[in-house]
Amino acid sequence: MSGTSRFEVVLRKIEYFVFGLLLFTILAPGNALGVPQGLSAAAATPNSVTLTWTAPGDDGSLGQASQYEIRYSLTPITDASWSSATQVSNEPVPQPAGSIETFDVTGLQPSTTYYFAIKTADEVPNWSSLSNVVTKATTAEVTPPSAITTLAATSSTTSSVTLSWTAPGDDGNVGTAAQYDIRYATATITDANWNSATQATGEPTPLAAGSAQTFVVNGLQANTTYYFAIKTADEVPNWSALSNIASRATSSETTPPSAINSLAATTATASSVTQTWLSVGDDGTFGTASQYDVRYSTDSITAANFNAATQATGEPTPKPAGQNESFTVTGLNQGTKYFFAIKVADEIPNWSGISNVVSRSTVDQTPPSPIQDLSAETGIESGEINLTWTASGDDGSLGRASEYILKYSQSQITELNWNSVNTYAAVPTPLSSGTTESMTMEGLTPGEYFYVALKACDENSNASLISNLAFCQAQVEISTDDNDLQVQLLSPSSLVNLHSSKPTLTVSNVSASSANRYYFEVATDSFFINLVVTSPPVPQEEGATTSWKVEETLEGNQTYFWRARANDFSYSSVASFSLSPVSHAYPNPYNPHLNATVTFTDLPSGTELVLMTVSGSTVRSWSNLTGDDLSWDGTNDSGTPVASGTYLWYLKGSQRNGKLVVVR
């Protein structure tokens with residue numbers, strides 16, 4: 001090799017290798033970041049847990065790390081669930097490796113089991129792996145609020161007393177309590193009779209300890225001395241001792257109700273007359289009066305002879321001012337003219353002046369004679385039956401009846417089942433006694449046989465006995481059109497009981513054509529004379545079925561009949577369902593991996609829905625409900641998914657509530 005010996009070349013290679021090794025040593029990363037060791041939950045209070053651990057180093061067990069991240073959860077913490085656990089605030093600055101660290105996690109719920117874990121970071125930051133996971137339950141809350149000693153009854157009206165006091169705390173006189181129980185009685189209140197005292201409604205929510213609070217107890221009797229006491233509870237609840245007792249008398253009532261000027265005698269029978277009027281108030285035209293005195297006589301009634309008139313028995317309890325009232329005076333003589341008047345009193349009693357005076361005569365109870373020659377024959381058009389008969393009278397066979405009641409059924413009609421069989425609405429007005437009458441019944445099921453019967457009624461709703469029975473087949477038109485296809489009713493099937501006031505009706509598709517249109521009908525009778533709701537044309541859905549959700553709210557505790565047709569084809573067979581709507585949530589249990597949301601249905605309009613944990617913490621609430629279904633995605637008010645477990649829901653101001661199980 002020119003100018004350079006082999007030895008020099010080897011020596012230079014060795015120099016390069018040593019230099020590279022030195023450079024690698026200088027630039028190589030440090031040792032792995034240490035993991036906090038020996039994490040333990042040393043102690044607990046109702047709202048905190050104390051954690052201890054051994055501080056790791058910046059490089060393994062050497063040096064000093066830069067920061068901690070401490071998290072807790074109601075479920076075990078893993079690497080996968082670390083980010084969804086709750087991070088504490090104000091974590092301590094790491095001490096040198098090997099130091100014993102302590103930290104109090106605060107803001108926790110009493111009597112609750114929590115899981116805790118830590119990660120450590122250096123200045124980069126490079127984060128350590130997860131520490132060991134520890135668990136600890138907070139202790140139960142045992143300190144009750146202090147007893148209120150400042151209760152005072154500051155003012156009163158004829159029906160209310162205003163109370164004032166200084167709010168105690170959640171624990172003694174510290175913090176904010178959760179609820180009040182305010183009670184009153186007409187005798188002094190003690191621990192022994194506390195439960196028998198009347199609880200007020202609408203008690204206020206406690207304010208922070210030391211705050212001044214007031215509350216008006218309503219619905220009291222005038223000129224009466226009442227005693228008042230309060231107990232206070234925290235969130236457990238731990239209840240305070242009984243407060244001091246305050247007392248005050250309500251004011252005397254001197255204003256009488258207004259005199260009724262709307263009295264009317266609306267209907268009469270042979271032995272009774274029904275009165276109607278608008279209720280007046282307790283004080284003039286305001287509030288609710290306490291009692292009525294209804295009088296009647298065969299002579300005109302005046303203020304001078306009011307007390308001499310006969311007093312009726314069983315008068316109704318007055319309603320709030322401005323409401324419709326009705327009362328029937330019974331035990332009267334047939335065919336006699338009577339005069340009627342009323343006075344009204346409050347609770348004192350202060351009596352009003354005499355009402356306007358009305359009169360009415362009682363009537364006879366002789367019903368029309370029964371029709372004996374009812375006949376029926378098959379009609380001309382499909383579903384028709386023609387009827388003929390001779391008109392009866394108003395009183396027996398004399399005069400002219402006021403109306404007919406026509407009943408029809410596929411089984412025999414008797415006096416015993418008269419009220420339960422179908423009523424045909426479109427009947428003619430009765431003609432004079434002895435006149436031949438006729439009519440055509442329409443809309444009956446073609447080809448079916450029906451029993452038909454009539455009753456005649458007079459102007460006093462006295463009905464005759466049932467007529468003779470007529471039996472006939474409704475006209476049927478047999479179609480030979482192969483294209484006249486009937487849909488099959490799928491759901492709801494007959495006799496099923498539904499819990500939604502807006503049920504969904506589902507039928508089978510008659511063909512694969514997307515041009516098909518479906519028409520749904522819902523009625524309260526199987527002959528679809530009394531239709532409740534009909535659908536617009538419903539386009540055919542993809543797949544084998546088409547559905548339509550009833551858009552109007554159906555009344556509960558009722559049996560409904562439904563049918564459907566496609567295009568201009570014949571209607572399907574008839575199915576029935578009963579309806580018992582109730583507020584509920586579905587699916588229940590709820591698994592977010594199987595269903596995106598939970599649906600709350602049949603929620604009354606204007607109410608508020610509250611979802612909470614079994615310990616009473618609110619998870620989510622919805623106010624001013626519209627009556628439509630409500631969907632919940634399984635998150636709390638902060639948008640964080642709730643944990644697995646049992647949750648409670650209720651509608652404020654009602655008795656409607658339930659449980660909902662979440663499974664993740």
# chains A, B, ... in the order shown; residues from 1 in each chain; ligands from 1
>>> residues_around(residues="Ala65 of chain A", least_positions_apart="4", cutoff="7 Å", atoms="only C-alpha atoms", output="ChimeraX atom specification")
/A:56-58,94,120-122
>>> residues_around(residues="Leu625 of chain A", least_positions_apart="6", cutoff="6 Å", atoms="only C-alpha atoms", output="PyMOL selection string")
chain A and resi 605-607
>>> write_last_selection(atoms="N, CA and C atoms", output="short mmCIF file (atom, residue, chain, number, x, y, z; two decimals), in the first residue's frame")
data_model
loop_
_atom_site.label_atom_id
_atom_site.label_comp_id
_atom_site.auth_asym_id
_atom_site.auth_seq_id
_atom_site.Cartn_x
_atom_site.Cartn_y
_atom_site.Cartn_z
N SER A 605 -97.14 15.69 28.54
CA SER A 605 -96.63 16.98 28.09
C SER A 605 -96.50 17.93 29.27
N GLY A 606 -95.40 18.72 29.27
CA GLY A 606 -95.19 19.74 30.27
C GLY A 606 -94.51 19.27 31.53
N THR A 607 -94.22 17.95 31.63
CA THR A 607 -93.58 17.44 32.84
C THR A 607 -92.05 17.49 32.69
#
>>> residues_around(residues="Phe600 of chain A", least_positions_apart="2", cutoff="6 Å", atoms="only C-alpha atoms", output="VMD selection string")
chain A and resid 584 to 585 629 to 630
>>> write_last_selection(atoms="N, CA and C atoms", output="short mmCIF file (atom, residue, chain, number, x, y, z; two decimals), in the first residue's frame")
data_model
loop_
_atom_site.label_atom_id
_atom_site.label_comp_id
_atom_site.auth_asym_id
_atom_site.auth_seq_id
_atom_site.Cartn_x
_atom_site.Cartn_y
_atom_site.Cartn_z
N HIS A 584 -92.79 4.37 30.17
CA HIS A 584 -91.79 3.32 30.35
C HIS A 584 -90.60 3.58 29.44
N ALA A 585 -89.51 2.87 29.73
CA ALA A 585 -88.28 3.00 28.94
C ALA A 585 -87.95 1.65 28.31
N ASP A 629 -91.90 10.89 22.21
CA ASP A 629 -90.91 10.00 22.76
C ASP A 629 -89.59 10.74 22.96
N LEU A 630 -88.80 10.31 23.97
CA LEU A 630 -87.52 10.95 24.27
C LEU A 630 -86.42 9.89 24.22
#
>>> closest_residue(among="A:Gly399, A:Gly616, A:Pro430, A:Gly60", to="Tyr650 of chain A", atoms="only C-alpha atoms")
A:Gly616
>>> closest_residue(among="A:Ser464, A:Thr205, A:Ser392, A:Thr250", to="Ser156 of chain A", atoms="only C-alpha atoms")
A:Thr250
>>> residues_around(residues="Lys407 of chain A", least_positions_apart="2", cutoff="10 Å", atoms="only C-alpha atoms", output="short mmCIF file (atom, residue, chain, number, x, y, z; two decimals) with C-alpha atoms, in the first residue's frame")
data_model
loop_
_atom_site.label_atom_id
_atom_site.label_comp_id
_atom_site.auth_asym_id
_atom_site.auth_seq_id
_atom_site.Cartn_x
_atom_site.Cartn_y
_atom_site.Cartn_z
CA TYR A 404 -134.61 5.53 17.98
CA ILE A 405 -131.75 3.38 19.25
CA SER A 409 -124.81 -7.96 16.44
CA ILE A 413 -129.69 -9.28 21.23
CA TRP A 418 -128.41 -4.41 25.04
CA ASN A 419 -125.85 -1.90 26.30
CA SER A 420 -122.85 -3.99 25.25
CA VAL A 421 -123.72 -4.62 21.58
CA ASN A 422 -122.97 -2.32 18.64
CA THR A 423 -125.04 0.85 18.12
CA TYR A 424 -125.84 2.00 14.59
CA ALA A 425 -125.63 5.80 14.59
CA PHE A 450 -126.73 -9.87 11.71
CA TYR A 451 -129.42 -9.62 14.37
CA VAL A 452 -131.07 -6.17 14.46
CA ALA A 453 -133.29 -4.62 17.16
CA LEU A 454 -134.85 -1.21 17.91
CA LYS A 455 -135.91 0.79 20.92
CA ILE A 466 -136.62 -4.15 22.96
#
>>> residues_around(residues="Thr232 of chain A", least_positions_apart="6", cutoff="10 Å", atoms="only C-alpha atoms", output="PyMOL selection string")
chain A and resi 144-148+167-170+177-182+206+238-243
>>> write_last_selection(atoms="N, CA and C atoms", output="compact mmCIF listing (two decimals), in the first residue's frame")
# COMPACT_ATOMS: atom_id res chain seq x y z
N PRO A 144 -75.44 14.47 61.32
CA PRO A 144 -76.65 15.12 60.80
C PRO A 144 -76.51 16.64 60.84
N PRO A 145 -77.40 17.35 60.15
CA PRO A 145 -77.45 18.81 60.29
C PRO A 145 -77.83 19.18 61.73
N SER A 146 -77.47 20.38 62.11
CA SER A 146 -77.88 20.88 63.42
C SER A 146 -79.38 21.15 63.44
N ALA A 147 -79.97 21.05 64.63
CA ALA A 147 -81.39 21.40 64.77
C ALA A 147 -81.56 22.90 64.62
N ILE A 148 -82.60 23.32 63.93
CA ILE A 148 -82.92 24.73 63.77
C ILE A 148 -83.45 25.28 65.09
N ALA A 167 -80.73 28.82 58.00
CA ALA A 167 -80.40 27.48 57.50
C ALA A 167 -79.24 26.87 58.28
N PRO A 168 -79.35 25.60 58.72
CA PRO A 168 -78.20 24.88 59.31
C PRO A 168 -77.31 24.35 58.19
N GLY A 169 -76.30 23.58 58.55
CA GLY A 169 -75.41 23.01 57.53
C GLY A 169 -75.74 21.58 57.21
N ASP A 170 -74.87 20.98 56.40
CA ASP A 170 -74.98 19.57 56.05
C ASP A 170 -74.46 18.70 57.19
N ALA A 177 -77.38 21.59 53.63
CA ALA A 177 -78.22 20.41 53.81
C ALA A 177 -78.95 20.06 52.52
N ALA A 178 -79.64 18.92 52.55
CA ALA A 178 -80.29 18.41 51.33
C ALA A 178 -81.79 18.66 51.29
N GLN A 179 -82.48 18.60 52.43
CA GLN A 179 -83.93 18.75 52.39
C GLN A 179 -84.50 19.14 53.76
N TYR A 180 -85.71 19.74 53.70
CA TYR A 180 -86.45 20.08 54.91
C TYR A 180 -87.72 19.24 54.99
N ASP A 181 -88.18 18.98 56.20
CA ASP A 181 -89.50 18.40 56.47
C ASP A 181 -90.20 19.37 57.42
N ILE A 182 -91.17 20.12 56.88
CA ILE A 182 -91.89 21.13 57.67
C ILE A 182 -93.27 20.58 58.01
N PRO A 206 -82.77 23.62 50.98
CA PRO A 206 -81.91 24.33 51.93
C PRO A 206 -80.84 25.17 51.23
N ASN A 238 -79.35 11.76 56.92
CA ASN A 238 -79.28 11.83 58.37
C ASN A 238 -80.14 13.01 58.80
N TRP A 239 -81.14 12.77 59.67
CA TRP A 239 -82.09 13.82 60.04
C TRP A 239 -81.66 14.52 61.32
N SER A 240 -81.86 15.81 61.36
CA SER A 240 -81.57 16.60 62.55
C SER A 240 -82.61 16.33 63.63
N ALA A 241 -82.33 16.85 64.80
CA ALA A 241 -83.33 16.84 65.86
C ALA A 241 -84.42 17.86 65.54
N LEU A 242 -85.50 17.81 66.30
CA LEU A 242 -86.63 18.70 66.09
C LEU A 242 -86.23 20.15 66.38
N SER A 243 -86.71 21.06 65.54
CA SER A 243 -86.44 22.47 65.74
C SER A 243 -87.23 23.01 66.94
>>> residues_around(residues="Asn386 of chain A", least_positions_apart="2", cutoff="9 Å", atoms="only C-alpha atoms", output="PyMOL selection string")
chain A and resi 375-380+384+388+438-442
>>> write_last_selection(atoms="N, CA and C atoms", output="PDB file, in the first residue's frame")
ATOM      1  N   SER A 375    -138.733  -5.716  10.438  1.00  0.00           N
ATOM      2  CA  SER A 375    -138.342  -6.727   9.442  1.00  0.00           C
ATOM      3  C   SER A 375    -137.081  -6.255   8.731  1.00  0.00           C
ATOM      4  N   ALA A 376    -136.309  -7.225   8.200  1.00  0.00           N
ATOM      5  CA  ALA A 376    -135.044  -6.910   7.532  1.00  0.00           C
ATOM      6  C   ALA A 376    -134.893  -7.773   6.304  1.00  0.00           C
ATOM      7  N   GLU A 377    -134.282  -7.183   5.241  1.00  0.00           N
ATOM      8  CA  GLU A 377    -133.955  -7.938   4.038  1.00  0.00           C
ATOM      9  C   GLU A 377    -132.620  -7.434   3.500  1.00  0.00           C
ATOM     10  N   THR A 378    -131.935  -8.329   2.775  1.00  0.00           N
ATOM     11  CA  THR A 378    -130.621  -7.990   2.215  1.00  0.00           C
ATOM     12  C   THR A 378    -130.731  -6.792   1.287  1.00  0.00           C
ATOM     13  N   GLY A 379    -129.799  -5.823   1.418  1.00  0.00           N
ATOM     14  CA  GLY A 379    -129.830  -4.612   0.622  1.00  0.00           C
ATOM     15  C   GLY A 379    -129.291  -4.807  -0.784  1.00  0.00           C
ATOM     16  N   ILE A 380    -129.176  -3.686  -1.514  1.00  0.00           N
ATOM     17  CA  ILE A 380    -128.733  -3.723  -2.911  1.00  0.00           C
ATOM     18  C   ILE A 380    -127.213  -3.658  -3.002  1.00  0.00           C
ATOM     19  N   GLU A 384    -125.109  -3.877   2.829  1.00  0.00           N
ATOM     20  CA  GLU A 384    -126.355  -3.196   3.159  1.00  0.00           C
ATOM     21  C   GLU A 384    -127.432  -4.179   3.625  1.00  0.00           C
ATOM     22  N   THR A 388    -137.653  -2.202   7.850  1.00  0.00           N
ATOM     23  CA  THR A 388    -138.957  -1.528   7.894  1.00  0.00           C
ATOM     24  C   THR A 388    -139.628  -1.858   9.216  1.00  0.00           C
ATOM     25  N   SER A 438    -138.780   3.221   7.289  1.00  0.00           N
ATOM     26  CA  SER A 438    -137.787   2.342   6.673  1.00  0.00           C
ATOM     27  C   SER A 438    -136.442   3.049   6.658  1.00  0.00           C
ATOM     28  N   MET A 439    -135.386   2.237   6.534  1.00  0.00           N
ATOM     29  CA  MET A 439    -134.027   2.778   6.430  1.00  0.00           C
ATOM     30  C   MET A 439    -133.103   1.688   5.896  1.00  0.00           C
ATOM     31  N   THR A 440    -131.908   2.085   5.462  1.00  0.00           N
ATOM     32  CA  THR A 440    -130.900   1.147   4.971  1.00  0.00           C
ATOM     33  C   THR A 440    -129.665   1.241   5.847  1.00  0.00           C
ATOM     34  N   MET A 441    -129.254   0.105   6.405  1.00  0.00           N
ATOM     35  CA  MET A 441    -127.996   0.036   7.154  1.00  0.00           C
ATOM     36  C   MET A 441    -126.855  -0.175   6.160  1.00  0.00           C
ATOM     37  N   GLU A 442    -125.800   0.598   6.280  1.00  0.00           N
ATOM     38  CA  GLU A 442    -124.655   0.517   5.378  1.00  0.00           C
ATOM     39  C   GLU A 442    -123.389   0.213   6.161  1.00  0.00           C
TER      40      GLU A 442
END
>>> closest_residue(among="A:Ile77, A:Leu332, A:Val363, A:Val93", to="Thr269 of chain A", atoms="only C-alpha atoms")
A:Val363
>>> closest_atom_pairs(of="segment 447-509 of chain A", to="segment 515-529 of chain A", cutoff="10 Å", atoms="only C-alpha atoms", output="CSV")
residue,atom,partner,partner_atom,distance
A:Val487,CA,A:Tyr518,CA,8.9
A:Leu505,CA,A:Phe520,CA,8.1
A:Thr506,CA,A:Phe520,CA,9.6
A:Val507,CA,A:Tyr518,CA,8.9
A:Asn509,CA,A:Asn516,CA,8.4
>>> atom_distance(atom1="atom CA of Val614 of chain A", atom2="atom CA of Ala80 of chain A")
26.9 Å
>>> atom_distance(atom1="atom CA of Ser576 of chain A", atom2="atom CA of Leu490 of chain A")
11.6 Å
>>> atom_distance(atom1="atom CA of Val142 of chain A", atom2="atom CA of Ala43 of chain A")
16.8 Å
>>> closest_residue(among="A:Ala192, A:Leu33, A:Ala208, A:Ile348", to="Pro256 of chain A", atoms="only C-alpha atoms")
A:Ile348
>>> closest_residue(among="A:Ser547, A:Asn657, A:Thr102, A:Gln87", to="Leu39 of chain A", atoms="only C-alpha atoms")
A:Thr102
>>> closest_residue(among="A:Ser258, A:Thr646, A:Thr599, A:Ser491", to="Gly353 of chain A", atoms="only C-alpha atoms")
A:Ser258
>>> decode(residues="segment 565-622 of chain A", atoms="C-alpha atoms", output="PDB file, in the first residue's frame")
ATOM      1  CA  ARG A 565    -105.672  -2.362   2.391  1.00  0.00           C
ATOM      2  CA  ALA A 566    -103.264  -1.905  -0.482  1.00  0.00           C
ATOM      3  CA  ASN A 567    -104.069   0.526  -3.295  1.00  0.00           C
ATOM      4  CA  ASP A 568    -107.759   0.061  -4.277  1.00  0.00           C
ATOM      5  CA  PHE A 569    -107.870  -3.573  -3.150  1.00  0.00           C
ATOM      6  CA  SER A 570    -110.214  -4.998  -0.518  1.00  0.00           C
ATOM      7  CA  TYR A 571    -109.584  -4.423   3.163  1.00  0.00           C
ATOM      8  CA  SER A 572    -107.843  -7.100   5.191  1.00  0.00           C
ATOM      9  CA  SER A 573    -109.373  -9.136   7.964  1.00  0.00           C
ATOM     10  CA  VAL A 574    -109.828  -7.293  11.286  1.00  0.00           C
ATOM     11  CA  ALA A 575    -107.529  -7.472  14.315  1.00  0.00           C
ATOM     12  CA  SER A 576    -108.007  -5.912  17.732  1.00  0.00           C
ATOM     13  CA  PHE A 577    -105.785  -4.638  20.496  1.00  0.00           C
ATOM     14  CA  SER A 578    -106.342  -3.139  23.917  1.00  0.00           C
ATOM     15  CA  LEU A 579    -104.526  -0.058  25.104  1.00  0.00           C
ATOM     16  CA  SER A 580    -103.140   0.564  28.578  1.00  0.00           C
ATOM     17  CA  PRO A 581    -100.538   3.284  28.016  1.00  0.00           C
ATOM     18  CA  VAL A 582     -97.917   3.764  30.722  1.00  0.00           C
ATOM     19  CA  SER A 583     -94.699   5.748  30.857  1.00  0.00           C
ATOM     20  CA  HIS A 584     -91.788   3.322  30.351  1.00  0.00           C
ATOM     21  CA  ALA A 585     -88.276   2.996  28.936  1.00  0.00           C
ATOM     22  CA  TYR A 586     -87.066   0.456  26.399  1.00  0.00           C
ATOM     23  CA  PRO A 587     -84.946  -1.525  25.765  1.00  0.00           C
ATOM     24  CA  ASN A 588     -84.460  -2.418  29.421  1.00  0.00           C
ATOM     25  CA  PRO A 589     -81.763  -3.622  30.178  1.00  0.00           C
ATOM     26  CA  TYR A 590     -79.945  -1.175  27.880  1.00  0.00           C
ATOM     27  CA  ASN A 591     -76.647  -2.223  26.245  1.00  0.00           C
ATOM     28  CA  PRO A 592     -75.041   0.630  24.217  1.00  0.00           C
ATOM     29  CA  HIS A 593     -73.257  -1.960  22.070  1.00  0.00           C
ATOM     30  CA  LEU A 594     -76.608  -3.378  20.923  1.00  0.00           C
ATOM     31  CA  ASN A 595     -78.812  -0.258  20.874  1.00  0.00           C
ATOM     32  CA  ALA A 596     -77.723   3.314  20.240  1.00  0.00           C
ATOM     33  CA  THR A 597     -80.298   4.864  22.580  1.00  0.00           C
ATOM     34  CA  VAL A 598     -82.941   4.203  25.220  1.00  0.00           C
ATOM     35  CA  THR A 599     -86.469   5.459  24.391  1.00  0.00           C
ATOM     36  CA  PHE A 600     -88.766   6.919  27.069  1.00  0.00           C
ATOM     37  CA  THR A 601     -92.374   6.834  25.813  1.00  0.00           C
ATOM     38  CA  ASP A 602     -95.832   8.064  26.882  1.00  0.00           C
ATOM     39  CA  LEU A 603     -94.423  11.002  28.823  1.00  0.00           C
ATOM     40  CA  PRO A 604     -97.087  13.585  29.744  1.00  0.00           C
ATOM     41  CA  SER A 605     -96.629  16.977  28.094  1.00  0.00           C
ATOM     42  CA  GLY A 606     -95.194  19.742  30.265  1.00  0.00           C
ATOM     43  CA  THR A 607     -93.577  17.441  32.839  1.00  0.00           C
ATOM     44  CA  GLU A 608     -89.874  16.989  33.745  1.00  0.00           C
ATOM     45  CA  LEU A 609     -88.033  13.655  33.486  1.00  0.00           C
ATOM     46  CA  VAL A 610     -85.187  13.049  35.959  1.00  0.00           C
ATOM     47  CA  LEU A 611     -82.666  10.161  35.678  1.00  0.00           C
ATOM     48  CA  MET A 612     -80.534   9.484  38.763  1.00  0.00           C
ATOM     49  CA  THR A 613     -78.322   6.928  40.470  1.00  0.00           C
ATOM     50  CA  VAL A 614     -79.680   4.699  43.235  1.00  0.00           C
ATOM     51  CA  SER A 615     -77.852   6.971  45.704  1.00  0.00           C
ATOM     52  CA  GLY A 616     -79.919   9.964  44.530  1.00  0.00           C
ATOM     53  CA  SER A 617     -77.371  11.787  42.320  1.00  0.00           C
ATOM     54  CA  THR A 618     -78.914  13.293  39.181  1.00  0.00           C
ATOM     55  CA  VAL A 619     -77.437  11.837  35.989  1.00  0.00           C
ATOM     56  CA  ARG A 620     -79.549  13.685  33.423  1.00  0.00           C
ATOM     57  CA  SER A 621     -82.821  15.655  33.357  1.00  0.00           C
ATOM     58  CA  TRP A 622     -85.162  16.871  30.627  1.00  0.00           C
TER      59      TRP A 622
END
